[in-house]
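data_29.pdb (PDB, C-alpha atoms, pLDDT in the B column) appears below.
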```pdb
ATOM      1  CA  MET A1066     119.295 101.615 136.809  1.00 46.00           C
ATOM      2  CA  THR A1067     117.046 100.438 134.005  1.00 44.00           C
ATOM      3  CA  SER A1068     118.699  98.037 131.589  1.00 44.00           C
ATOM      4  CA  MET A1069     118.172  98.638 127.899  1.00 44.00           C
ATOM      5  CA  SER A1070     117.651  96.192 125.079  1.00 43.00           C
ATOM      6  CA  VAL A1071     118.618  97.836 121.821  1.00 41.00           C
ATOM      7  CA  ALA A1072     117.356  96.460 118.548  1.00 44.00           C
ATOM      8  CA  ALA A1073     120.344  95.852 116.308  1.00 41.00           C
ATOM      9  CA  PRO A1074     120.533  98.129 113.268  1.00 45.00           C
ATOM     10  CA  ASP A1075     118.910  96.450 110.322  1.00 43.00           C
ATOM     11  CA  HIS A1076     122.086  96.559 108.248  1.00 39.00           C
ATOM     12  CA  ARG A1077     123.512  93.933 110.585  1.00 36.00           C
ATOM     13  CA  GLU A1078     120.725  91.502 109.882  1.00 36.00           C
ATOM     14  CA  ARG A1079     121.500  88.647 107.549  1.00 37.00           C
ATOM     15  CA  LEU A1080     120.194  89.355 104.064  1.00 35.00           C
ATOM     16  CA  PRO A1081     118.684  86.592 101.946  1.00 37.00           C
ATOM     17  CA  SER A1082     120.879  85.328  99.147  1.00 37.00           C
ATOM     18  CA  ALA A1083     120.674  87.210  95.889  1.00 35.00           C
ATOM     19  CA  SER A1084     119.414  84.111  94.095  1.00 36.00           C
ATOM     20  CA  SER A1085     116.351  83.874  96.332  1.00 37.00           C
ATOM     21  CA  ASN A1086     115.067  87.297  95.238  1.00 39.00           C
ATOM     22  CA  ALA A1087     116.598  87.732  91.811  1.00 37.00           C
ATOM     23  CA  VAL A1088     114.101  88.674  89.129  1.00 39.00           C
ATOM     24  CA  ASP A1089     114.109  86.783  85.853  1.00 40.00           C
ATOM     25  CA  CYS A1090     113.494  89.523  83.330  1.00 38.00           C
ATOM     26  CA  GLU A1091     112.423  86.907  80.773  1.00 40.00           C
ATOM     27  CA  ALA A1092     109.623  85.576  82.960  1.00 37.00           C
ATOM     28  CA  PRO A1093     106.103  86.780  82.096  1.00 35.00           C
ATOM     29  CA  ALA A1094     105.260  87.340  85.765  1.00 45.00           C
ATOM     30  CA  LEU A1095     107.649  88.568  88.459  1.00 48.00           C
ATOM     31  CA  PRO A1096     107.296  86.763  91.799  1.00 44.00           C
ATOM     32  CA  PRO A1097     106.565  89.108  94.724  1.00 48.00           C
ATOM     33  CA  ALA A1098     109.668  89.396  96.883  1.00 65.00           C
ATOM     34  CA  VAL A1099     108.398  91.484  99.798  1.00 75.00           C
ATOM     35  CA  THR A1100     104.900  92.727 100.562  1.00 74.00           C
ATOM     36  CA  GLY A1101     103.072  94.162 103.568  1.00 73.00           C
ATOM     37  CA  SER A1102     103.973  97.199 105.628  1.00 80.00           C
ATOM     38  CA  LYS A1103     106.207  95.567 108.235  1.00 87.00           C
ATOM     39  CA  PRO A1104     108.273  93.281 105.964  1.00 90.00           C
ATOM     40  CA  LEU A1105     108.612  96.102 103.446  1.00 92.00           C
ATOM     41  CA  THR A1106     109.785  98.555 106.102  1.00 93.00           C
ATOM     42  CA  ARG A1107     112.331  96.018 107.347  1.00 92.00           C
ATOM     43  CA  ARG A1108     113.649  95.310 103.852  1.00 93.00           C
ATOM     44  CA  LEU A1109     113.939  98.971 102.884  1.00 95.00           C
ATOM     45  CA  ARG A1110     115.928  99.684 106.052  1.00 95.00           C
ATOM     46  CA  GLN A1111     118.245  96.759 105.338  1.00 94.00           C
ATOM     47  CA  HIS A1112     119.003  97.975 101.824  1.00 95.00           C
ATOM     48  CA  LEU A1113     119.445 101.593 102.896  1.00 95.00           C
ATOM     49  CA  TRP A1114     121.967 100.482 105.519  1.00 92.00           C
ATOM     50  CA  ALA A1115     123.795  98.156 103.132  1.00 94.00           C
ATOM     51  CA  LYS A1116     123.760 100.756 100.311  1.00 95.00           C
ATOM     52  CA  THR A1117     123.507  98.009  97.719  1.00 94.00           C
ATOM     53  CA  GLY A1118     120.941  96.665  95.322  1.00 95.00           C
ATOM     54  CA  HIS A1119     118.118  97.780  93.076  1.00 97.00           C
ATOM     55  CA  ALA A1120     114.405  97.163  93.386  1.00 97.00           C
ATOM     56  CA  LEU A1121     110.987  97.970  91.995  1.00 96.00           C
ATOM     57  CA  LEU A1122     107.957  99.001  94.045  1.00 95.00           C
ATOM     58  CA  SER A1123     104.611  98.037  92.535  1.00 94.00           C
ATOM     59  CA  LEU A1124     101.132  98.872  93.788  1.00 93.00           C
ATOM     60  CA  ASP A1125      98.193  96.687  92.833  1.00 91.00           C
ATOM     61  CA  GLY A1126     100.251  95.139  90.048  1.00 90.00           C
ATOM     62  CA  GLN A1127     101.344  98.473  88.570  1.00 92.00           C
ATOM     63  CA  PRO A1128     105.066  99.444  88.654  1.00 93.00           C
ATOM     64  CA  ARG A1129     105.441 102.751  90.486  1.00 93.00           C
ATOM     65  CA  LEU A1130     108.973 103.435  91.716  1.00 95.00           C
ATOM     66  CA  LEU A1131     112.461 102.130  90.921  1.00 97.00           C
ATOM     67  CA  LEU A1132     114.971 102.142  93.794  1.00 97.00           C
ATOM     68  CA  ASP A1133     118.740 102.503  93.510  1.00 98.00           C
ATOM     69  CA  PHE A1134     120.076 101.984  97.021  1.00 97.00           C
ATOM     70  CA  ALA A1135     123.739 102.309  96.058  1.00 95.00           C
ATOM     71  CA  HIS A1136     123.251 105.871  94.794  1.00 95.00           C
ATOM     72  CA  ASP A1137     120.300 106.726  97.077  1.00 95.00           C
ATOM     73  CA  GLN A1138     118.061 107.512  94.105  1.00 95.00           C
ATOM     74  CA  GLY A1139     114.450 106.861  93.208  1.00 95.00           C
ATOM     75  CA  VAL A1140     113.028 106.759  89.696  1.00 94.00           C
ATOM     76  CA  PRO A1141     109.254 107.359  89.581  1.00 92.00           C
ATOM     77  CA  LEU A1142     107.523 105.592  86.723  1.00 88.00           C
ATOM     78  CA  SER A1143     105.166 108.466  86.047  1.00 65.00           C
ATOM     79  CA  ALA A1144     102.944 106.754  83.486  1.00 58.00           C
ATOM     80  CA  ASN A1145     100.711 105.623  86.361  1.00 51.00           C
ATOM     81  CA  VAL A1146     100.639 108.700  88.589  1.00 50.00           C
ATOM     82  CA  ALA A1147     101.073 112.431  88.377  1.00 49.00           C
ATOM     83  CA  ALA A1148     104.700 113.390  87.808  1.00 52.00           C
ATOM     84  CA  SER A1149     105.306 115.235  91.078  1.00 60.00           C
ATOM     85  CA  PRO A1150     107.186 113.472  93.909  1.00 57.00           C
ATOM     86  CA  ALA A1151     104.430 114.526  96.306  1.00 66.00           C
ATOM     87  CA  SER A1152     101.811 112.679  94.263  1.00 80.00           C
ATOM     88  CA  MET A1153     104.023 109.601  94.074  1.00 83.00           C
ATOM     89  CA  ALA A1154     104.557 109.594  97.842  1.00 87.00           C
ATOM     90  CA  HIS A1155     100.853 110.107  98.515  1.00 89.00           C
ATOM     91  CA  VAL A1156      99.812 107.179  96.294  1.00 90.00           C
ATOM     92  CA  LEU A1157     102.439 104.784  97.676  1.00 92.00           C
ATOM     93  CA  GLY A1158     101.861 105.916 101.257  1.00 92.00           C
ATOM     94  CA  GLU A1159      98.115 105.368 101.191  1.00 91.00           C
ATOM     95  CA  GLY A1160      98.572 101.950  99.583  1.00 92.00           C
ATOM     96  CA  PHE A1161     101.699 100.991 101.543  1.00 92.00           C
ATOM     97  CA  GLY A1162     100.222  97.753 102.861  1.00 91.00           C
ATOM     98  CA  ARG A1163      99.639  96.573  99.273  1.00 92.00           C
ATOM     99  CA  VAL A1164     103.034  97.605  97.903  1.00 93.00           C
ATOM    100  CA  VAL A1165     105.197  94.771  96.557  1.00 94.00           C
ATOM    101  CA  MET A1166     108.984  95.164  96.404  1.00 95.00           C
ATOM    102  CA  GLN A1167     110.904  93.114  93.856  1.00 95.00           C
ATOM    103  CA  GLU A1168     114.671  93.081  93.705  1.00 95.00           C
ATOM    104  CA  LEU A1169     116.203  93.699  90.278  1.00 95.00           C
ATOM    105  CA  PRO A1170     119.548  92.880  88.702  1.00 95.00           C
ATOM    106  CA  ALA A1171     121.564  96.008  87.894  1.00 95.00           C
ATOM    107  CA  GLU A1172     121.139  95.556  84.134  1.00 95.00           C
ATOM    108  CA  ARG A1173     117.354  95.248  84.459  1.00 95.00           C
ATOM    109  CA  PHE A1174     117.241  98.383  86.594  1.00 96.00           C
ATOM    110  CA  GLU A1175     119.309 100.312  84.048  1.00 95.00           C
ATOM    111  CA  ALA A1176     117.007  99.242  81.232  1.00 95.00           C
ATOM    112  CA  LEU A1177     113.891 100.365  83.111  1.00 94.00           C
ATOM    113  CA  ALA A1178     115.433 103.609  84.425  1.00 93.00           C
ATOM    114  CA  LYS A1179     116.882 104.701  81.097  1.00 90.00           C
ATOM    115  CA  HIS A1180     115.614 108.135  80.029  1.00 87.00           C
ATOM    116  CA  GLN A1181     113.642 108.447  83.301  1.00 89.00           C
ATOM    117  CA  PHE A1182     114.097 111.276  85.798  1.00 90.00           C
ATOM    118  CA  HIS A1183     116.184 110.284  88.845  1.00 92.00           C
ATOM    119  CA  GLN A1184     115.367 111.866  92.224  1.00 91.00           C
ATOM    120  CA  PRO A1185     116.829 111.628  95.744  1.00 92.00           C
ATOM    121  CA  LEU A1186     115.347 108.488  97.272  1.00 94.00           C
ATOM    122  CA  ARG A1187     115.070 109.326 100.952  1.00 93.00           C
ATOM    123  CA  PRO A1188     112.881 112.414 100.522  1.00 91.00           C
ATOM    124  CA  ILE A1189     110.432 110.192  98.636  1.00 92.00           C
ATOM    125  CA  LEU A1190     110.502 107.549 101.388  1.00 94.00           C
ATOM    126  CA  TRP A1191     110.186 110.250 104.059  1.00 93.00           C
ATOM    127  CA  GLN A1192     106.966 111.504 102.472  1.00 91.00           C
ATOM    128  CA  ILE A1193     105.640 107.968 101.924  1.00 93.00           C
ATOM    129  CA  ALA A1194     105.884 107.353 105.684  1.00 93.00           C
ATOM    130  CA  GLN A1195     103.909 110.546 106.331  1.00 90.00           C
ATOM    131  CA  HIS A1196     101.011 109.241 104.252  1.00 90.00           C
ATOM    132  CA  GLY A1197     100.781 105.615 105.365  1.00 84.00           C
ATOM    133  CA  GLY A1198     102.323 102.414 106.639  1.00 77.00           C
ATOM    134  CA  ASP A1199     101.458 100.133 109.540  1.00 82.00           C
ATOM    135  CA  TRP A1200     102.993 101.820 112.575  1.00 91.00           C
ATOM    136  CA  ASP A1201     100.816 100.265 115.301  1.00 89.00           C
ATOM    137  CA  ASP A1202     103.609  98.117 116.791  1.00 90.00           C
ATOM    138  CA  LEU A1203     106.150 100.952 116.664  1.00 91.00           C
ATOM    139  CA  ASP A1204     103.691 103.407 118.207  1.00 92.00           C
ATOM    140  CA  ARG A1205     102.891 100.956 121.012  1.00 91.00           C
ATOM    141  CA  ARG A1206     106.602 100.734 121.802  1.00 91.00           C
ATOM    142  CA  LEU A1207     106.888 104.520 121.758  1.00 91.00           C
ATOM    143  CA  LEU A1208     103.895 104.937 124.044  1.00 87.00           C
ATOM    144  CA  ARG A1209     105.508 102.462 126.460  1.00 88.00           C
ATOM    145  CA  HIS A1210     108.420 104.847 126.809  1.00 89.00           C
ATOM    146  CA  ALA A1211     110.779 103.326 124.257  1.00 94.00           C
ATOM    147  CA  ARG A1212     113.445 105.844 123.289  1.00 95.00           C
ATOM    148  CA  ILE A1213     114.289 107.112 119.842  1.00 96.00           C
ATOM    149  CA  ARG A1214     117.927 107.492 118.864  1.00 95.00           C
ATOM    150  CA  LEU A1215     118.885 109.368 115.717  1.00 95.00           C
ATOM    151  CA  LEU A1216     121.999 107.920 114.101  1.00 93.00           C
ATOM    152  CA  ARG A1217     122.934 110.823 111.830  1.00 91.00           C
ATOM    153  CA  TRP A1218     121.570 113.998 110.340  1.00 90.00           C
ATOM    154  CA  PRO A1219     118.888 113.359 107.721  1.00 88.00           C
ATOM    155  CA  ASP A1220     119.138 114.873 104.269  1.00 80.00           C
ATOM    156  CA  PHE A1221     118.614 118.602 104.816  1.00 78.00           C
ATOM    157  CA  ARG A1222     116.053 118.634 102.009  1.00 77.00           C
ATOM    158  CA  LEU A1223     113.808 116.671 104.371  1.00 75.00           C
ATOM    159  CA  LEU A1224     113.925 119.376 107.019  1.00 75.00           C
ATOM    160  CA  ALA A1225     113.509 122.476 104.847  1.00 69.00           C
ATOM    161  CA  HIS A1226     110.959 124.798 106.489  1.00 70.00           C
ATOM    162  CA  GLN A1227     110.244 122.127 109.117  1.00 77.00           C
ATOM    163  CA  HIS A1228     111.326 123.764 112.361  1.00 85.00           C
ATOM    164  CA  ASP A1229     109.959 120.973 114.541  1.00 92.00           C
ATOM    165  CA  GLY A1230     111.858 118.306 112.585  1.00 91.00           C
ATOM    166  CA  PHE A1231     115.082 120.298 112.872  1.00 90.00           C
ATOM    167  CA  ARG A1232     114.600 120.642 116.613  1.00 93.00           C
ATOM    168  CA  LEU A1233     113.909 116.927 117.032  1.00 95.00           C
ATOM    169  CA  CYS A1234     117.065 116.072 115.090  1.00 94.00           C
ATOM    170  CA  SER A1235     119.150 118.394 117.250  1.00 94.00           C
ATOM    171  CA  LEU A1236     117.821 116.757 120.408  1.00 96.00           C
ATOM    172  CA  LEU A1237     117.862 113.096 119.318  1.00 96.00           C
ATOM    173  CA  LEU A1238     121.410 113.253 117.995  1.00 95.00           C
ATOM    174  CA  LYS A1239     122.572 114.301 121.461  1.00 95.00           C
ATOM    175  CA  ARG A1240     120.556 111.770 123.444  1.00 95.00           C
ATOM    176  CA  ALA A1241     117.915 109.107 123.017  1.00 96.00           C
ATOM    177  CA  CYS A1242     114.513 110.321 124.203  1.00 96.00           C
ATOM    178  CA  SER A1243     111.013 108.963 124.582  1.00 96.00           C
ATOM    179  CA  VAL A1244     108.037 110.623 122.934  1.00 96.00           C
ATOM    180  CA  ASP A1245     107.099 112.161 126.295  1.00 95.00           C
ATOM    181  CA  GLU A1246     110.604 113.572 126.759  1.00 96.00           C
ATOM    182  CA  CYS A1247     110.587 115.072 123.254  1.00 96.00           C
ATOM    183  CA  ARG A1248     107.160 116.532 123.887  1.00 94.00           C
ATOM    184  CA  GLN A1249     108.153 118.124 127.184  1.00 95.00           C
ATOM    185  CA  LEU A1250     111.628 119.310 126.229  1.00 96.00           C
ATOM    186  CA  LEU A1251     110.545 120.843 122.913  1.00 96.00           C
ATOM    187  CA  ASP A1252     106.925 121.730 123.698  1.00 95.00           C
ATOM    188  CA  LEU A1253     105.558 119.523 120.907  1.00 95.00           C
ATOM    189  CA  ASP A1254     102.480 117.336 120.709  1.00 93.00           C
ATOM    190  CA  ALA A1255     102.905 113.546 120.624  1.00 93.00           C
ATOM    191  CA  ALA A1256     101.469 113.220 117.094  1.00 93.00           C
ATOM    192  CA  THR A1257     104.179 115.523 115.708  1.00 93.00           C
ATOM    193  CA  VAL A1258     106.920 113.486 117.364  1.00 95.00           C
ATOM    194  CA  GLN A1259     105.488 110.153 116.197  1.00 94.00           C
ATOM    195  CA  ALA A1260     105.087 111.357 112.603  1.00 93.00           C
ATOM    196  CA  PHE A1261     108.749 112.377 112.599  1.00 95.00           C
ATOM    197  CA  VAL A1262     109.795 108.999 114.022  1.00 95.00           C
ATOM    198  CA  HIS A1263     107.804 107.101 111.368  1.00 95.00           C
ATOM    199  CA  SER A1264     109.726 108.819 108.579  1.00 94.00           C
ATOM    200  CA  ALA A1265     113.122 108.715 110.290  1.00 95.00           C
ATOM    201  CA  TYR A1266     112.648 105.013 111.029  1.00 95.00           C
ATOM    202  CA  LEU A1267     111.575 104.058 107.484  1.00 95.00           C
ATOM    203  CA  CYS A1268     114.527 105.984 106.031  1.00 94.00           C
ATOM    204  CA  GLY A1269     117.004 104.194 108.327  1.00 94.00           C
ATOM    205  CA  TYR A1270     117.999 107.299 110.252  1.00 95.00           C
ATOM    206  CA  ALA A1271     116.548 106.196 113.595  1.00 95.00           C
ATOM    207  CA  MET A1272     116.693 103.263 116.012  1.00 94.00           C
ATOM    208  CA  VAL A1273     114.299 102.474 118.847  1.00 93.00           C
ATOM    209  CA  GLU A1274     115.634 101.449 122.261  1.00 92.00           C
ATOM    210  CA  THR A1275     113.171  99.589 124.482  1.00 84.00           C
ATOM    211  CA  PRO A1276     113.569  99.745 128.274  1.00 75.00           C
ATOM    212  CA  GLU A1277     113.166  96.228 129.687  1.00 66.00           C
ATOM    213  CA  GLY A1278     110.208  95.770 132.002  1.00 49.00           C
ATOM    214  CA  VAL A1279     109.034  99.358 131.690  1.00 43.00           C
ATOM    215  CA  THR A1280     105.424 100.071 130.776  1.00 39.00           C
ATOM    216  CA  ALA A1281     103.472 103.273 130.522  1.00 34.00           C
ATOM    217  CA  ALA A1282     101.743 102.492 133.814  1.00 32.00           C
ATOM    218  CA  VAL A1283     104.929 102.177 135.862  1.00 31.00           C
ATOM    219  CA  ALA A1284     107.340 104.481 134.053  1.00 35.00           C
ATOM    220  CA  ALA A1285     108.881 107.057 136.353  1.00 36.00           C
ATOM    221  CA  PRO A1286     107.778 110.649 135.740  1.00 36.00           C
ATOM    222  CA  PRO A1287     110.409 113.127 134.562  1.00 41.00           C
ATOM    223  CA  SER A1288     112.440 114.777 137.283  1.00 39.00           C
ATOM    224  CA  ARG A1289     111.821 118.325 138.387  1.00 37.00           C
ATOM    225  CA  ASN A1290     115.131 119.422 136.866  1.00 41.00           C
ATOM    226  CA  ALA A1291     114.293 117.825 133.520  1.00 39.00           C
ATOM    227  CA  THR A1292     110.913 119.553 133.445  1.00 40.00           C
ATOM    228  CA  THR A1293     112.456 122.905 134.268  1.00 40.00           C
ATOM    229  CA  GLY A1294     115.127 122.449 131.626  1.00 43.00           C
ATOM    230  CA  GLY A1295     112.466 121.485 129.121  1.00 47.00           C
ATOM    231  CA  SER A1296     110.479 124.633 129.777  1.00 47.00           C
ATOM    232  CA  LEU A1297     113.552 126.790 129.247  1.00 50.00           C
ATOM    233  CA  LEU A1298     114.540 124.940 126.085  1.00 53.00           C
ATOM    234  CA  SER A1299     111.031 125.080 124.667  1.00 52.00           C
ATOM    235  CA  ARG A1300     110.856 128.828 125.328  1.00 52.00           C
ATOM    236  CA  MET A1301     114.181 129.329 123.531  1.00 52.00           C
ATOM    237  CA  TRP A1302     112.951 127.355 120.513  1.00 51.00           C
ATOM    238  CA  ARG A1303     109.658 129.259 120.442  1.00 52.00           C
ATOM    239  CA  ASN A1304     111.523 132.548 120.479  1.00 53.00           C
ATOM    240  CA  LEU A1305     113.859 131.363 117.729  1.00 50.00           C
ATOM    241  CA  ARG A1306     110.958 130.139 115.613  1.00 50.00           C
ATOM    242  CA  GLY A1307     109.135 133.427 116.108  1.00 52.00           C
ATOM    243  CA  THR A1308     112.220 135.358 115.013  1.00 50.00           C
ATOM    244  CA  ALA A1309     112.625 133.161 111.912  1.00 48.00           C
ATOM    245  CA  THR A1310     109.057 133.761 110.806  1.00 47.00           C
TER     246      THR A1310
END
```

Please rewrite the model in this file as structure tokens.
Amino acid sequence: MTSMSVAAPDHRERLPSASSNAVDCEAPALPPAVTGSKPLTRRLRQHLWAKTGHALLSLDGQPRLLLDFAHDQGVPLSANVAASPASMAHVLGEGFGRVVMQELPAERFEALAKHQFHQPLRPILWQIAQHGGDWDDLDRRLLRHARIRLLRWPDFRLLAHQHDGFRLCSLLLKRACSVDECRQLLDLDAATVQAFVHSAYLCGYAMVETPEGVTAAVAAPPSRNATTGGSLLSRMWRNLRGTAT
């Protein structure tokens, strides 16, 4: 029986003290708190789990998006980009490696967000992950048969008209699966599964469980029963999708 090493949910990780990242609103220049795809992904997941704090995302020195983790809201600063959430996500996604996240005191956040339009935060983050980020390490783990576990249902606004995402949620809430298992059970291509995992991981909905000592070269193939079950399940989903359309 293969032993599993499960990465602890990010909300359990020790957060830096507030004083180390607090922003002095009187200072002419705000020190960068977090930058780079991997540290930024880690920090966003921590705050989403903790449901506390406020922050500002800037790209190339320009403020782009205010984050309210307590209320799960994002406030696009639309002076720099087109007003639509899709445009905001596209810009931040493509430049994700250059995004700087600065934590803000509540009063500073309120001053900046005043009279701005508040939007649900996770749909913005979900789309950002679809457009960019450094997922090489995560994808390597997935291709080595790491398993994805979904912790709860995502916001249903994320899954509207996305049949494949809905199917993946239904499966991964019941059991942790590798990319290959998702692909075979649901008749999906690997790129579709990985794109879903990128967004679910950034938004804090998913964890990745890594089998110890298992690599792609030595991983056991799926059993005959699992393959048969997958074919039946995939046919059922195809029929359901065809009926819905």

Notebook entry, point to check: Between A:Pro1170, A:Gly1198, A:Pro1276, A:Pro1185, which one has atoms that come closest to A:Ser1243, using only C-alpha atoms?
Noted result: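 Selected residue with least distance to A:Ser1243: A:Pro1276.
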
Item checked: Residue among A:Lys1103, A:Arg1217, A:Arg1248, A:His1155 lying closest to A:Ile1189, counting all atoms listed in the file ->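 Among the listed residues, A:His1155 lies closest to A:Ile1189.
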
Notebook entry, point to check: the PyMOL selection byres ((chain A and resi 1137) around 8) on the file shown: which residues, as a ChimeraX atom specification?
Noted result: /A:1113,1116,1132-1136,1138-1139,1185-1187

Any chance you could resolve the PyMOL selection byres ((chain A and resi 1271) around 7) against this file and give the residues as a short mmCIF file (atom, residue, chain, number, x, y, z; two decimals) with C-alpha atoms, keeping the file's coordinate frame?
```cif
data_model
loop_
_atom_site.label_atom_id
_atom_site.label_comp_id
_atom_site.auth_asym_id
_atom_site.auth_seq_id
_atom_site.Cartn_x
_atom_site.Cartn_y
_atom_site.Cartn_z
CA ILE A 1213 114.29 107.11 119.84
CA ARG A 1214 117.93 107.49 118.86
CA LEU A 1215 118.88 109.37 115.72
CA LEU A 1216 122.00 107.92 114.10
CA ALA A 1265 113.12 108.72 110.29
CA TYR A 1266 112.65 105.01 111.03
CA GLY A 1269 117.00 104.19 108.33
CA TYR A 1270 118.00 107.30 110.25
CA MET A 1272 116.69 103.26 116.01
CA VAL A 1273 114.30 102.47 118.85
#
```

Next item on the list: Using all atoms listed in the file, find the one residue out of A:Gly1230, A:Thr1275, A:Leu1109, A:Leu1251 that sits nearest to A:Arg1206.
Entry: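 Among A:Gly1230, A:Thr1275, A:Leu1109, A:Leu1251, it is A:Thr1275 that comes nearest to A:Arg1206.
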
Checklist line | Nearest candidate to A:Lys1179 (options A:Gln1249, A:Asp1254, A:Leu1131, A:Thr1106; using only C-alpha atoms) | finding: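 Counting only C-alpha atoms, the residue closest to A:Lys1179 is A:Leu1131.
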
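One finds atom CA of A:Arg1212 at 9.7 Å from atom CA of A:Cys1247.
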
Note to self: I'd like to see the residues matched by the PyMOL selection byres ((chain A and resi 1171) around 10) on this file, and ideally I'd get them as a list of chain:residue names.
What the structure shows: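 For this structure, the PyMOL selection byres ((chain A and resi 1171) around 10) captures A:Gly1118, A:His1119, A:Ala1120, A:Asp1133, A:Glu1168, A:Leu1169, A:Pro1170, A:Glu1172, A:Arg1173, A:Phe1174, A:Glu1175, A:Ala1176.
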
Selection near A:Asp1202, 12 Å with only C-alpha atoms, sequence-local residues under 2 positions removed, as a PDB file with C-alpha atoms, keeping the file's coordinate frame:
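This went into selection-v7.pdb:
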```pdb
ATOM      1  CA  SER A1102     103.973  97.199 105.628  1.00 80.00           C
ATOM      2  CA  LYS A1103     106.207  95.567 108.235  1.00 87.00           C
ATOM      3  CA  GLY A1198     102.323 102.414 106.639  1.00 77.00           C
ATOM      4  CA  ASP A1199     101.458 100.133 109.540  1.00 82.00           C
ATOM      5  CA  TRP A1200     102.993 101.820 112.575  1.00 91.00           C
ATOM      6  CA  ASP A1204     103.691 103.407 118.207  1.00 92.00           C
ATOM      7  CA  ARG A1205     102.891 100.956 121.012  1.00 91.00           C
ATOM      8  CA  ARG A1206     106.602 100.734 121.802  1.00 91.00           C
ATOM      9  CA  LEU A1207     106.888 104.520 121.758  1.00 91.00           C
ATOM     10  CA  LEU A1208     103.895 104.937 124.044  1.00 87.00           C
ATOM     11  CA  ARG A1209     105.508 102.462 126.460  1.00 88.00           C
ATOM     12  CA  ALA A1211     110.779 103.326 124.257  1.00 94.00           C
ATOM     13  CA  HIS A1263     107.804 107.101 111.368  1.00 95.00           C
ATOM     14  CA  VAL A1273     114.299 102.474 118.847  1.00 93.00           C
TER      15      VAL A1273
END
```

Next item on the list: Enter the distance from atom CA of A:Asp1229 to atom CA of A:Glu1246, in Å, rounded to one decimal.
Entry: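 Computing it gives 14.3 Å between the two atoms.
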
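Separating atom CA of A:Cys1242 from atom CA of A:His1196 is a distance of 24.1 Å.
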
Check: Around (98.7, 107.6, 98.5) in the file's frame, which residues reach within 10 Å when counting all atoms listed in the file? Return as a list in words?
Finding: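 Protein, DNA and RNA residues close to (98.7, 107.6, 98.5): Ala1151, Ser1152, Met1153, Ala1154, His1155, Val1156, Leu1157, Gly1158, Glu1159, Gly1160, Phe1161, Gln1192, Ile1193, Gln1195, His1196 and Gly1197 of chain A.
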
Check: For A:Leu1223, which of A:Thr1257, A:Ser1264, A:Leu1203, A:Val1244 is the closest residue, counting only C-alpha atoms?
Finding: A:Ser1264

Next item on the list: Using all atoms listed in the file, pick whichever of A:Pro1219, A:Pro1188, A:Gly1126, A:Pro1141 has the shortest atom-to-atom distance to A:Thr1100.
Entry: A:Gly1126
